[in-house]
Amino acid sequence: MKNKVVLVTGGAKRIGRSIALALAEQGAQVALHYGTSEAEARALGFPVFQANLESVEEIRAMVDRVADHFGRLDGLVNNAARFTRFDPLTIEEKDWDFIHSVNLKATFFCCQAAAKVMLAGDGGHIVNISSLGAILPWQEHAHYCASKAGVVMLTRALAKAWAPKIAVNTVAPGVIPFDKTDDRIERLIARTPARRAGAGEEIAEAVLNFLRGSRFTTGQLIAVDGGLSL
Ligand SMILES: NC(=O)c1ccc[n+]([C@@H]2O[C@H](COP(=O)([O-])OP(=O)(O)OC[C@H]3O[C@@H](n4cnc5c(N)ncnc54)[C@H](OP(=O)(O)O)[C@@H]3O)[C@@H](O)[C@H]2O)c1
């Protein structure tokens, strides 16, 4: 990863932070996007790029700023997302849009903006973070599951569109808690063959494997879930 420029969205905290730190450890130059967590983002010491990912205009301006700052873009990790819980009978249009505007629509437009820079240069790698919820149906997260299943198909379609210059892959995290776990999360952990939750560093490892791997591996999904999807 030496000197490769990689943009990580939602990189100030939690999984995104783990990915950014792992990239820097491998010698990459990290472009750290944040939405609202400015203090946490700046504390990491990377060049930071703010954008509300609900806005396609802001996404395009952010990618332009990254390309101007570094003069190139070799990798994009679409990590930023939202997560909410609703009975599917009660969800409203605004609740649906709240999730899909970031999880699926912003992921697409970040891919598009980054691909334009990569295709004009040496090509690159995109890793989209999907979810175990793209593989297993969770009834109170139907809207979220649909957005993340969309990310999986988007990954496959874009991999085909932009081969051979850009590899596009997806990592589907299982249970990766950062806060105190509740009963529901504890039940999921109990059902996990690995008998534990995962850590941000384990997601970062899978992301890095795609980013530094051959572009011959493209359109693929790897679940990092301790076997919970099996
Ligand atoms: N944690 C898990 O157990 C788990 C499980 C399965 C999948 N995942 C996936 O893994 C990824 C990271 O998970 P996480 O739990 O670490 O994520 P998270 O903390 O819920 O969200 C990551 C970041 O997304 C950014 N974001 C959300 N909406 C935004 C917007 N409109 N504009 C700009 N930034 C926005 C936020 O940045 P700011 O704070 O700067 O606003 C937030 O810190 C996500 O794609 C998630 O769906 C996580």
# chains A, B, ... in the order shown; residues from 1 in each chain; ligands from 1

$ residues_near_ligand --ligand "ligand 1" --cutoff "7 Å" --atoms "only C-alpha atoms and all ligand atoms" --output "JSON, numbers by chain"
{"A": [9, 10, 11, 12, 13, 14, 15, 16, 34, 35, 36, 37, 38, 51, 52, 53, 54, 79, 80, 81, 82, 83, 102, 129, 130, 131, 132, 133, 172, 173, 174, 175, 176, 177]}

$ residues_around --residues "Leu23 in chain A" --least-positions-apart "2" --cutoff "12 Å" --atoms "only C-alpha atoms" --output "ChimeraX atom specification"
/A:1-8,11,16-21,25-32,46,75-77,201,203-212

$ select_by_dssp --residues "chain A" --states "helix (DSSP H, G or I)" --output "PyMOL selection string"
chain A and resi 14-25+38-43+56-70+93-120+132-134+139-162+183-191+200-212

$ residues_around --residues "Ala120 in chain A" --least-positions-apart "5" --cutoff "10 Å" --atoms "only C-alpha atoms" --output "list in words"
Arg72, Leu73, Ala115 and Lys165 of chain A

$ closest_residue --among "A:Ile135, A:Met153, A:Ala41, A:Ile185" --to "Val224 in chain A" --atoms "only C-alpha atoms"
A:Ile135
